$ cat my_file_8.csv   # CSV, C-alpha atoms and all ligand atoms
chain,number,residue,atom,x,y,z
A,1,MET,CA,-24.7,2.3,-8.2
A,2,ILE,CA,-21.1,3.1,-9.0
A,3,GLU,CA,-19.8,1.9,-12.4
A,4,LEU,CA,-16.2,1.8,-13.5
A,5,GLU,CA,-15.2,1.0,-17.0
A,6,GLY,CA,-11.6,0.6,-18.1
A,7,LEU,CA,-10.6,3.2,-15.5
A,8,THR,CA,-6.9,3.9,-15.8
A,9,LYS,CA,-4.5,6.4,-14.1
A,10,ARG,CA,-0.9,6.9,-14.9
A,11,TYR,CA,1.5,9.1,-13.1
A,12,GLY,CA,4.4,9.3,-15.5
A,13,SER,CA,5.6,5.8,-16.1
A,14,LYS,CA,3.7,4.5,-13.0
A,15,VAL,CA,0.4,2.9,-13.7
A,16,ALA,CA,-1.5,3.5,-10.4
A,17,VAL,CA,-4.9,2.2,-11.7
A,18,ASP,CA,-4.9,-0.3,-14.6
A,19,HIS,CA,-8.1,-0.8,-16.7
A,20,LEU,CA,-10.4,-1.3,-13.7
A,21,SER,CA,-14.0,-2.3,-14.5
A,22,PHE,CA,-16.5,-3.2,-11.8
A,23,GLN,CA,-19.8,-2.1,-10.3
A,24,VAL,CA,-20.6,-1.3,-6.7
A,25,LYS,CA,-24.2,-2.3,-6.2
A,26,PRO,CA,-26.8,-0.9,-3.8
A,27,GLY,CA,-28.1,-2.8,-0.7
A,28,VAL,CA,-24.8,-4.3,0.4
A,29,VAL,CA,-21.5,-3.1,2.0
A,30,THR,CA,-18.8,-3.5,-0.6
A,31,GLY,CA,-15.3,-3.7,0.8
A,32,PHE,CA,-12.4,-2.3,-1.3
A,33,LEU,CA,-9.2,-4.1,-0.5
A,34,GLY,CA,-5.6,-4.1,-1.8
A,35,PRO,CA,-2.1,-3.9,-0.5
A,36,ASN,CA,-0.4,-0.6,0.1
A,37,GLY,CA,-0.1,1.3,-3.1
A,38,ALA,CA,-2.6,-0.9,-4.9
A,39,GLY,CA,-4.5,2.1,-6.2
A,40,LYS,CA,-7.5,2.3,-3.9
A,41,SER,CA,-7.2,6.0,-3.0
A,42,THR,CA,-6.5,7.0,-6.5
A,43,THR,CA,-9.6,5.1,-7.7
A,44,MET,CA,-11.7,6.8,-5.0
A,45,ARG,CA,-10.4,10.2,-5.9
A,46,MET,CA,-11.2,9.6,-9.6
A,47,LEU,CA,-14.7,8.7,-8.5
A,48,LEU,CA,-15.1,12.1,-6.9
A,49,ASP,CA,-13.5,13.9,-9.8
A,50,LEU,CA,-10.5,14.9,-7.6
A,51,ASP,CA,-8.2,13.3,-10.1
A,52,ASN,CA,-8.6,12.9,-13.9
A,53,PRO,CA,-8.5,9.4,-15.3
A,54,THR,CA,-5.9,8.8,-18.0
A,55,SER,CA,-8.6,6.7,-19.8
A,56,GLY,CA,-11.8,5.0,-18.9
A,57,THR,CA,-14.9,6.2,-17.2
A,58,VAL,CA,-16.6,6.2,-13.8
A,59,ARG,CA,-20.3,6.9,-13.3
A,60,ILE,CA,-22.4,7.7,-10.3
A,61,ASP,CA,-25.9,6.5,-10.9
A,62,GLY,CA,-25.2,6.7,-14.7
A,63,ARG,CA,-23.7,10.2,-14.6
A,64,HIS,CA,-20.2,11.6,-14.3
A,65,TYR,CA,-19.6,13.4,-11.0
A,66,ARG,CA,-19.2,16.7,-12.8
A,67,GLU,CA,-22.7,16.4,-14.1
A,68,LEU,CA,-24.2,16.2,-10.6
A,69,ALA,CA,-25.6,19.7,-9.7
A,70,GLU,CA,-25.5,19.1,-5.9
A,71,PRO,CA,-23.2,16.1,-5.6
A,72,LEU,CA,-23.5,15.7,-1.8
A,73,LYS,CA,-27.1,14.6,-2.4
A,74,TYR,CA,-25.9,11.7,-4.6
A,75,ILE,CA,-22.6,10.7,-3.1
A,76,GLY,CA,-21.1,11.3,0.3
A,77,ALA,CA,-17.5,10.5,0.9
A,78,LEU,CA,-14.9,10.4,3.6
A,79,LEU,CA,-11.5,10.4,2.0
A,80,ASP,CA,-9.3,12.4,4.3
A,81,ALA,CA,-10.5,13.2,7.8
A,82,LYS,CA,-7.9,16.1,7.9
A,83,ALA,CA,-9.6,17.8,4.9
A,84,MET,CA,-11.8,19.9,7.2
A,85,HIS,CA,-11.0,23.6,7.8
A,86,GLY,CA,-9.2,23.5,11.2
A,87,GLY,CA,-10.1,27.2,12.0
A,88,ARG,CA,-13.8,26.6,11.6
A,89,THR,CA,-16.0,24.9,14.2
A,90,ALA,CA,-17.4,21.4,13.5
A,91,TYR,CA,-20.8,23.1,12.9
A,92,ASN,CA,-19.5,25.7,10.5
A,93,ASN,CA,-17.5,23.2,8.5
A,94,LEU,CA,-20.7,21.3,7.8
A,95,LEU,CA,-22.8,24.5,7.4
A,96,CYS,CA,-20.5,25.6,4.5
A,97,LEU,CA,-20.8,22.3,2.8
A,98,ALA,CA,-24.6,22.3,3.3
A,99,GLU,CA,-25.0,25.8,1.9
A,100,SER,CA,-23.0,24.9,-1.2
A,101,ASN,CA,-25.3,22.0,-1.9
A,102,ARG,CA,-28.6,23.7,-0.9
A,103,ILE,CA,-29.0,21.4,2.1
A,104,PRO,CA,-31.1,22.9,4.9
A,105,ALA,CA,-29.0,24.1,7.9
A,106,ALA,CA,-31.2,21.9,10.2
A,107,ARG,CA,-29.5,18.9,8.7
A,108,VAL,CA,-26.1,20.0,10.1
A,109,SER,CA,-27.3,19.4,13.7
A,110,GLU,CA,-28.9,16.2,12.7
A,111,VAL,CA,-25.7,14.6,11.3
A,112,LEU,CA,-23.6,16.0,14.2
A,113,ASP,CA,-26.0,14.1,16.5
A,114,THR,CA,-25.8,11.0,14.4
A,115,VAL,CA,-22.0,10.9,14.7
A,116,GLY,CA,-22.0,11.8,18.4
A,117,LEU,CA,-20.4,15.2,18.0
A,118,SER,CA,-23.2,17.5,19.2
A,119,ALA,CA,-21.4,18.4,22.4
A,120,VAL,CA,-18.4,19.7,20.5
A,121,ALA,CA,-20.3,21.3,17.6
A,122,LYS,CA,-19.0,24.8,18.5
A,123,LYS,CA,-15.4,23.6,18.9
A,124,LYS,CA,-12.8,24.3,16.2
A,125,ALA,CA,-11.9,21.2,14.1
A,126,LYS,CA,-8.1,21.8,14.6
A,127,GLY,CA,-8.5,20.7,18.2
A,128,PHE,CA,-10.1,17.4,17.3
A,129,SER,CA,-8.5,14.0,17.8
A,130,LEU,CA,-8.1,11.7,14.8
A,131,GLY,CA,-11.2,9.8,15.9
A,132,MET,CA,-13.3,13.0,16.2
A,133,GLY,CA,-12.0,14.1,12.8
A,134,GLN,CA,-13.2,10.8,11.3
A,135,ARG,CA,-16.6,11.3,12.8
A,136,LEU,CA,-16.8,14.8,11.4
A,137,GLY,CA,-15.8,13.5,8.0
A,138,ILE,CA,-18.5,10.8,8.3
A,139,ALA,CA,-21.0,13.6,9.2
A,140,SER,CA,-20.1,15.5,6.0
A,141,ALA,CA,-20.6,12.3,4.0
A,142,LEU,CA,-24.1,11.9,5.5
A,143,LEU,CA,-25.0,15.6,5.1
A,144,GLY,CA,-26.9,15.3,1.8
A,145,ASP,CA,-28.6,12.0,2.8
A,146,PRO,CA,-27.0,10.5,-0.4
A,147,GLU,CA,-27.8,7.1,-1.8
A,148,ILE,CA,-24.1,6.3,-2.3
A,149,LEU,CA,-21.5,6.5,0.4
A,150,MET,CA,-17.8,6.0,0.1
A,151,PHE,CA,-15.4,5.7,3.0
A,152,ASP,CA,-11.6,5.4,2.8
A,153,GLU,CA,-10.3,3.8,6.0
A,154,PRO,CA,-13.3,5.0,8.1
A,155,VAL,CA,-12.2,3.2,11.3
A,156,ASN,CA,-8.8,4.9,11.3
A,157,GLY,CA,-8.3,6.4,14.8
A,158,LEU,CA,-11.6,5.2,16.1
A,159,ASP,CA,-11.8,3.5,19.5
A,160,PRO,CA,-13.6,0.1,19.9
A,161,GLU,CA,-16.9,1.8,20.6
A,162,GLY,CA,-16.4,4.0,17.5
A,163,ILE,CA,-15.5,1.0,15.3
A,164,HIS,CA,-18.6,-0.8,16.5
A,165,TRP,CA,-20.7,2.2,15.7
A,166,ILE,CA,-19.3,2.7,12.2
A,167,ARG,CA,-19.7,-1.0,11.4
A,168,ASN,CA,-23.4,-0.8,12.4
A,169,LEU,CA,-23.9,2.5,10.6
A,170,MET,CA,-22.6,1.0,7.3
A,171,LYS,CA,-24.8,-2.1,7.7
A,172,GLN,CA,-27.8,0.1,8.5
A,173,LEU,CA,-27.2,2.3,5.5
A,174,ALA,CA,-26.8,-0.7,3.2
A,175,GLY,CA,-30.0,-2.1,4.7
A,176,GLU,CA,-31.8,1.0,3.6
A,177,GLY,CA,-30.8,0.1,0.1
A,178,ARG,CA,-27.9,2.5,-0.3
A,179,THR,CA,-24.6,1.8,-2.0
A,180,ILE,CA,-21.8,1.5,0.5
A,181,PHE,CA,-18.2,1.4,-0.7
A,182,VAL,CA,-15.5,1.1,1.9
A,183,SER,CA,-11.8,0.6,2.1
A,184,SER,CA,-9.9,-0.7,5.1
A,185,HIS,CA,-6.7,-2.3,6.1
A,186,LEU,CA,-8.3,-4.0,9.1
A,187,MET,CA,-9.3,-7.4,7.7
A,188,SER,CA,-11.0,-8.5,10.9
A,189,GLU,CA,-13.2,-5.5,10.7
A,190,MET,CA,-13.9,-5.9,7.0
A,191,ALA,CA,-14.8,-9.5,7.6
A,192,LEU,CA,-17.5,-8.3,10.0
A,193,THR,CA,-18.8,-5.5,7.8
A,194,ALA,CA,-18.6,-6.2,4.1
A,195,ASP,CA,-20.9,-8.6,2.2
A,196,HIS,CA,-19.1,-8.2,-1.1
A,197,LEU,CA,-15.4,-7.5,-2.0
A,198,ILE,CA,-13.5,-5.8,-4.7
A,199,VAL,CA,-9.8,-6.7,-4.4
A,200,ILE,CA,-7.1,-4.9,-6.4
A,201,GLY,CA,-3.4,-5.3,-6.7
A,202,GLN,CA,-1.0,-3.0,-8.6
A,203,GLY,CA,-4.0,-1.2,-10.0
A,204,ARG,CA,-5.6,-4.3,-11.5
A,205,LEU,CA,-8.8,-6.1,-10.5
A,206,LEU,CA,-8.0,-9.4,-8.6
A,207,ALA,CA,-11.4,-10.3,-7.4
A,208,ASP,CA,-15.0,-9.1,-7.5
A,209,THR,CA,-16.9,-11.6,-5.4
A,210,SER,CA,-19.0,-12.2,-2.2
A,211,MET,CA,-17.1,-12.3,1.0
A,212,ALA,CA,-18.0,-16.0,1.6
A,213,ASP,CA,-16.7,-17.0,-1.9
A,214,PHE,CA,-13.6,-15.0,-1.6
A,215,ILE,CA,-12.6,-16.8,1.6
A,216,ARG,CA,-13.6,-20.2,0.3
A,217,GLN,CA,-11.7,-19.8,-3.0
A,218,ASN,CA,-8.5,-18.3,-1.5
A,219,SER,CA,-8.0,-20.2,1.7
A,220,ARG,CA,-7.7,-23.6,3.2
A,221,SER,CA,-10.6,-25.3,5.0
A,222,PHE,CA,-9.9,-28.1,7.4
A,223,VAL,CA,-11.3,-30.0,10.4
A,224,ARG,CA,-9.5,-29.7,13.7
A,225,LEU,CA,-9.4,-32.6,16.2
A,226,ARG,CA,-8.2,-32.8,19.7
A,227,SER,CA,-8.2,-36.0,21.8
A,228,PRO,CA,-6.8,-37.1,25.1
A,229,GLN,CA,-6.2,-40.4,23.3
A,230,TRP,CA,-3.8,-38.7,20.9
A,231,GLU,CA,-1.6,-41.7,20.0
A,232,ARG,CA,-4.7,-43.9,19.2
A,233,LEU,CA,-6.2,-41.1,17.2
A,234,LEU,CA,-3.0,-40.9,15.0
A,235,ASP,CA,-3.1,-44.7,14.6
A,236,VAL,CA,-6.7,-44.7,13.5
A,237,LEU,CA,-6.1,-41.9,11.0
A,238,ASN,CA,-3.0,-43.7,9.7
A,239,GLN,CA,-4.9,-47.0,9.4
A,240,ASN,CA,-7.6,-45.3,7.4
A,241,SER,CA,-5.2,-43.4,5.2
A,242,VAL,CA,-6.4,-40.0,6.3
A,243,PRO,CA,-3.7,-37.4,5.7
A,244,PHE,CA,-3.3,-35.1,8.7
A,245,LEU,CA,-1.1,-32.3,10.1
A,246,GLN,CA,0.0,-31.9,13.7
A,247,THR,CA,-0.3,-28.4,15.1
A,248,GLY,CA,2.0,-27.0,17.8
A,249,ASP,CA,-0.9,-27.0,20.3
A,250,GLY,CA,-1.5,-30.7,20.3
A,251,ALA,CA,-4.3,-30.6,17.8
A,252,ILE,CA,-4.6,-32.4,14.5
A,253,GLU,CA,-5.8,-30.8,11.3
A,254,ILE,CA,-7.3,-32.6,8.3
A,255,ASP,CA,-7.4,-30.5,5.1
A,256,ASN,CA,-10.8,-30.5,3.4
A,257,GLY,CA,-12.0,-33.1,6.0
A,258,ARG,CA,-15.7,-33.9,6.4
A,259,ILE,CA,-16.7,-33.3,10.0
A,260,GLU,CA,-19.4,-35.9,10.0
A,261,ALA,CA,-17.2,-38.7,8.6
A,262,LEU,CA,-14.4,-37.9,11.0
A,263,GLY,CA,-16.9,-37.9,14.0
A,264,GLU,CA,-18.2,-41.2,12.9
A,265,LEU,CA,-14.7,-42.6,12.4
A,266,ALA,CA,-13.8,-41.6,16.0
A,267,ALA,CA,-17.0,-43.1,17.3
A,268,ARG,CA,-16.4,-46.4,15.6
A,269,HIS,CA,-13.0,-46.6,17.4
A,270,GLN,CA,-14.5,-45.3,20.7
A,271,LEU,CA,-12.2,-42.4,20.7
A,272,VAL,CA,-12.8,-39.5,23.1
A,273,LEU,CA,-12.7,-36.2,21.3
A,274,HIS,CA,-12.3,-32.8,23.1
A,275,GLU,CA,-12.6,-31.0,19.8
A,276,LEU,CA,-14.1,-31.7,16.4
A,277,SER,CA,-14.5,-28.4,14.5
A,278,GLY,CA,-14.7,-27.2,11.0
A,279,GLN,CA,-12.3,-24.3,10.3
A,280,GLN,CA,-12.0,-21.8,7.5
A,281,ALA,CA,-9.0,-19.5,7.2
A,282,SER,CA,-9.7,-15.9,8.0
A,283,LEU,CA,-10.2,-13.1,5.5
A,284,GLU,CA,-6.7,-11.9,6.3
A,285,GLU,CA,-5.2,-15.2,5.3
A,286,ALA,CA,-7.3,-15.3,2.2
A,287,PHE,CA,-6.3,-11.8,1.3
A,288,MET,CA,-2.6,-12.4,1.8
A,289,GLN,CA,-2.9,-15.6,-0.3
A,290,MET,CA,-4.6,-13.7,-3.1
A,291,THR,CA,-2.4,-10.6,-3.1
A,292,ALA,CA,0.9,-12.2,-2.3
A,293,GLY,CA,2.1,-11.7,-5.9
A,294,SER,CA,1.1,-8.0,-6.1
A,295,VAL,CA,2.5,-6.7,-2.8
A,296,GLU,CA,4.7,-3.7,-3.6
A,297,TYR,CA,6.2,-2.9,-0.2
A,298,HIS,CA,7.6,-5.6,2.1
A,299,ALA,CA,9.1,-5.3,5.6
A,300,HIS,CA,12.3,-7.2,6.1
A,301,GLY,CA,11.6,-10.6,7.6
A,302,ALA,CA,8.0,-10.6,6.3
A,303,THR,CA,6.5,-13.7,4.6
A,304,THR,CA,8.0,-14.4,1.3
A,305,PRO,CA,6.0,-12.8,-1.6
A,306,GLY,CA,4.0,-15.4,-3.3
A,307,GLY,CA,4.2,-17.8,-0.4
A,308,PRO,CA,1.3,-18.9,1.8
A,309,PRO,CA,1.1,-18.2,5.5
A,310,PRO,CA,3.4,-20.7,7.3
A,311,PRO,CA,1.8,-24.2,7.7
A,312,PRO,CA,1.5,-26.0,11.1
A,313,ASP,CA,4.1,-28.7,11.9
A,314,ARG,CA,3.6,-31.6,9.6
A,315,GLY,CA,2.6,-35.0,10.9
A,316,ALA,CA,4.6,-38.1,10.0
A,317,GLY,CA,4.8,-38.1,6.2
A,318,ARG,CA,1.6,-36.1,5.8
A,319,GLN,CA,0.5,-33.5,3.2
A,320,ALA,CA,1.2,-29.8,3.6
A,321,PRO,CA,-1.8,-27.5,3.2
A,322,ASN,CA,-2.8,-27.1,-0.4
A,323,TRP,CA,-3.6,-23.4,-0.4
A,324,GLY,CA,-6.0,-22.3,-3.0
A,325,ALA,CA,-6.6,-25.7,-4.5
A,326,HIS,CA,-9.4,-27.7,-2.9
A,327,ASP,CA,-10.2,-31.4,-3.2
A,328,GLN,CA,-13.8,-31.4,-2.2
A,329,GLY,CA,-14.3,-35.0,-3.2
A,330,ARG,CA,-12.3,-36.6,-0.5
A,331,GLY,CA,-14.2,-39.0,1.8
A,332,VAL,CA,-13.0,-37.7,5.2
A,401,LIG,N1,0.1,12.1,-7.1
A,401,LIG,C1,0.8,11.0,-7.4
A,401,LIG,N2,1.9,11.1,-8.1
A,401,LIG,C2,2.7,10.0,-8.4
A,401,LIG,N3,2.3,8.8,-7.9
A,401,LIG,C3,1.2,8.6,-7.2
A,401,LIG,C4,0.4,9.7,-6.9
A,401,LIG,N4,-0.7,9.3,-6.2
A,401,LIG,C5,-0.5,7.9,-6.0
A,401,LIG,N5,0.6,7.6,-6.7
A,401,LIG,C6,1.1,6.2,-6.8
A,401,LIG,O1,0.1,5.4,-7.3
A,401,LIG,C7,0.1,4.1,-6.6
A,401,LIG,C8,-1.3,3.9,-6.0
A,401,LIG,O2,-1.4,4.8,-4.9
A,401,LIG,P1,-2.7,4.8,-4.0
A,401,LIG,O3,-2.5,5.9,-2.9
A,401,LIG,O4,-3.9,5.0,-4.8
A,401,LIG,O5,-2.7,3.4,-3.3
A,401,LIG,P2,-3.6,2.8,-2.1
A,401,LIG,O6,-4.1,1.5,-2.5
A,401,LIG,O7,-4.6,3.8,-1.7
A,401,LIG,O8,-2.5,2.6,-1.0
A,401,LIG,P3,-2.6,2.7,0.6
A,401,LIG,O9,-3.3,1.4,1.0
A,401,LIG,O10,-1.1,2.6,1.0
A,401,LIG,O11,-3.3,3.9,1.0
A,401,LIG,C9,1.2,4.1,-5.6
A,401,LIG,O12,2.3,3.5,-6.2
A,401,LIG,C10,1.5,5.6,-5.4
A,401,LIG,O13,2.8,5.8,-5.1
$ encode --input "my_file_8.csv" --output "structure tokens" --more "lines below"
Ligand SMILES: Nc1ncnc2c1ncn2[C@@H]1O[C@H](COP(=O)(O)OP(=O)(O)OP(=O)(O)O)[C@@H](O)[C@H]1O
Amino acid sequence: MIELEGLTKRYGSKVAVDHLSFQVKPGVVTGFLGPNGAGKSTTMRMLLDLDNPTSGTVRIDGRHYRELAEPLKYIGALLDAKAMHGGRTAYNNLLCLAESNRIPAARVSEVLDTVGLSAVAKKKAKGFSLGMGQRLGIASALLGDPEILMFDEPVNGLDPEGIHWIRNLMKQLAGEGRTIFVSSHLMSEMALTADHLIVIGQGRLLADTSMADFIRQNSRSFVRLRSPQWERLLDVLNQNSVPFLQTGDGAIEIDNGRIEALGELAARHQLVLHELSGQQASLEEAFMQMTAGSVEYHAHGATTPGGPPPPPDRGAGRQAPNWGAHDQGRGV
């Protein structure tokens, strides 16, 4: 388990990490999210004692990193794939780490095999691609067979096969009861990998919640309908006072609609439906909704800070999506 209590880091007048308190628990993959500059890397560096907190504490299984005699046996981390010694072979890079932590040399070949680098074990790290470097960094994290693993952007530079591999590896490690803490900018990937989320913005904790709750609480859910009898469908919805939105692709969306009630309504009016599906916004949309107010760097022409993702075209006099606020009690 990783425990942060009031962790704060200031660089001059800049507060990079602002009184962060949370726990990263074993047995699940915990995703660490935040916009650029939110303080994720700074937090991870403080965890490994690579940066001193201005105040607050961070503990690895109840102890400060400095108190761990052979730290690689407690916590393995991939922070920067380029941190390896370029002039050394992959094998020798890992061997040096192993020796400094009294890890048997045989373990080096084992982890090189796990990450798929056995064939290039004798090649110098400076010739490695970004993806190979990531794999070597992951091998170093696994070296001490630690109970806690921390990965900063582990899929960076990996090809689809590599992304699939690291996703399964993290799930497998969590399944073994280990603590897995991972940051990524790839929301689609995070949605597939993480069970729990810690979200920060401008150094502050914004959410500490399960993936499912995070999406539910920060996004819009709706029912999507398509029908070849489009005009009649609109009439039926109007007659029954069901607010709807028309999308650009000929579908209709009903915020917080109940799929059963809408199916029955269509059946009562003998309407043919080509689609009747419940939809939940993606993690990416939920993330943008939650962090909109704490994004530090914007591209010109990007969505206005604080504003939700653009809604579909509105139907005649119908409600716009009500991001973040749900009316679960509605009949349809
Ligand atoms: N050594 C440093 N000196 C001064 N400011 C720093 C230093 N390291 C980080 N910062 C600042 O602290 C803030 C947090 O940076 P950090 O790299 O931790 O964010 P991040 O969430 O990892 O960002 P990204 O997603 O872009 O990697 C940023 O505003 C950054 O400019």
$ residues_around --input "my_file_8.csv" --residues "Ile166 in chain A" --least-positions-apart "2" --cutoff "12 Å" --atoms "all atoms listed in the file" --output "ChimeraX atom specification"
/A:29,114-116,131,134-135,138-139,151,153-164,168-173,182,189-190,192-193
$ atom_distance --input "my_file_8.csv" --atom1 "CA of Gln23 in chain A" --atom2 "CA of Thr291 in chain A"
20.7 Å
$ residues_near_ligand --input "my_file_8.csv" --ligand "ligand LIG 401 (chain A)" --cutoff "10 Å" --atoms "only C-alpha atoms and all ligand atoms" --output "count of residues only"
36
$ atom_distance --input "my_file_8.csv" --atom1 "CA of Leu50 in chain A" --atom2 "CA of Thr30 in chain A"
21.4 Å
$ atom_distance --input "my_file_8.csv" --atom1 "CA of Glu285 in chain A" --atom2 "CA of Leu7 in chain A"
28.3 Å
$ closest_residue --input "my_file_8.csv" --among "A:Ala286, A:Ala281, A:Leu271, A:Met1" --to "Phe214 in chain A" --atoms "all atoms listed in the file"
A:Ala286
$ residues_around --input "my_file_8.csv" --residues "range 140-147 of chain A" --least-positions-apart "3" --cutoff "8 Å" --atoms "only C-alpha atoms" --output "list in words"
Leu72, Lys73, Tyr74, Ile75, Gly76, Ala77, Leu78, Leu94, Leu97, Ala98, Asn101, Ile103, Arg107, Val108, Val111, Leu136, Gly137, Met150, Gly177, Arg178 and Thr179 of chain A
$ residues_around --input "my_file_8.csv" --residues "Asp249 in chain A" --least-positions-apart "2" --cutoff "12 Å" --atoms "only C-alpha atoms" --output "count of residues only"
12
$ closest_residue --input "my_file_8.csv" --among "A:Pro71, A:Arg204, A:Leu112, A:Ser100" --to "Leu20 in chain A" --atoms "only C-alpha atoms"
A:Arg204
$ build_atoms --input "my_file_8.csv" --residues "range 19-31 of chain A" --atoms "N, CA and C atoms" --output "compact mmCIF listing (two decimals), in the frame of the given file"
# COMPACT_ATOMS: atom_id res chain seq x y z
N HIS A 19 -6.92 -0.22 -16.00
CA HIS A 19 -8.10 -0.80 -16.70
C HIS A 19 -9.07 -1.46 -15.68
N LEU A 20 -9.47 -0.71 -14.69
CA LEU A 20 -10.40 -1.30 -13.70
C LEU A 20 -11.84 -1.17 -14.19
N SER A 21 -12.54 -2.30 -14.16
CA SER A 21 -14.00 -2.30 -14.50
C SER A 21 -14.70 -3.10 -13.43
N PHE A 22 -15.61 -2.48 -12.76
CA PHE A 22 -16.50 -3.20 -11.80
C PHE A 22 -17.66 -2.29 -11.45
N GLN A 23 -18.65 -2.89 -10.82
CA GLN A 23 -19.80 -2.10 -10.30
C GLN A 23 -19.93 -2.28 -8.84
N VAL A 24 -20.34 -1.22 -8.18
CA VAL A 24 -20.60 -1.30 -6.70
C VAL A 24 -22.13 -1.16 -6.61
N LYS A 25 -22.77 -2.21 -6.13
CA LYS A 25 -24.20 -2.30 -6.20
C LYS A 25 -24.87 -1.82 -4.87
N PRO A 26 -26.12 -1.37 -4.97
CA PRO A 26 -26.80 -0.90 -3.80
C PRO A 26 -27.25 -2.10 -2.88
N GLY A 27 -27.52 -1.79 -1.60
CA GLY A 27 -28.10 -2.80 -0.70
C GLY A 27 -27.11 -3.64 0.05
N VAL A 28 -25.83 -3.51 -0.29
CA VAL A 28 -24.80 -4.30 0.40
C VAL A 28 -23.60 -3.37 0.72
N VAL A 29 -22.81 -3.81 1.71
CA VAL A 29 -21.50 -3.10 2.00
C VAL A 29 -20.49 -3.79 1.10
N THR A 30 -19.85 -3.01 0.23
CA THR A 30 -18.80 -3.50 -0.60
C THR A 30 -17.44 -3.08 -0.09
N GLY A 31 -16.61 -4.04 0.26
CA GLY A 31 -15.30 -3.70 0.80
C GLY A 31 -14.32 -3.56 -0.40
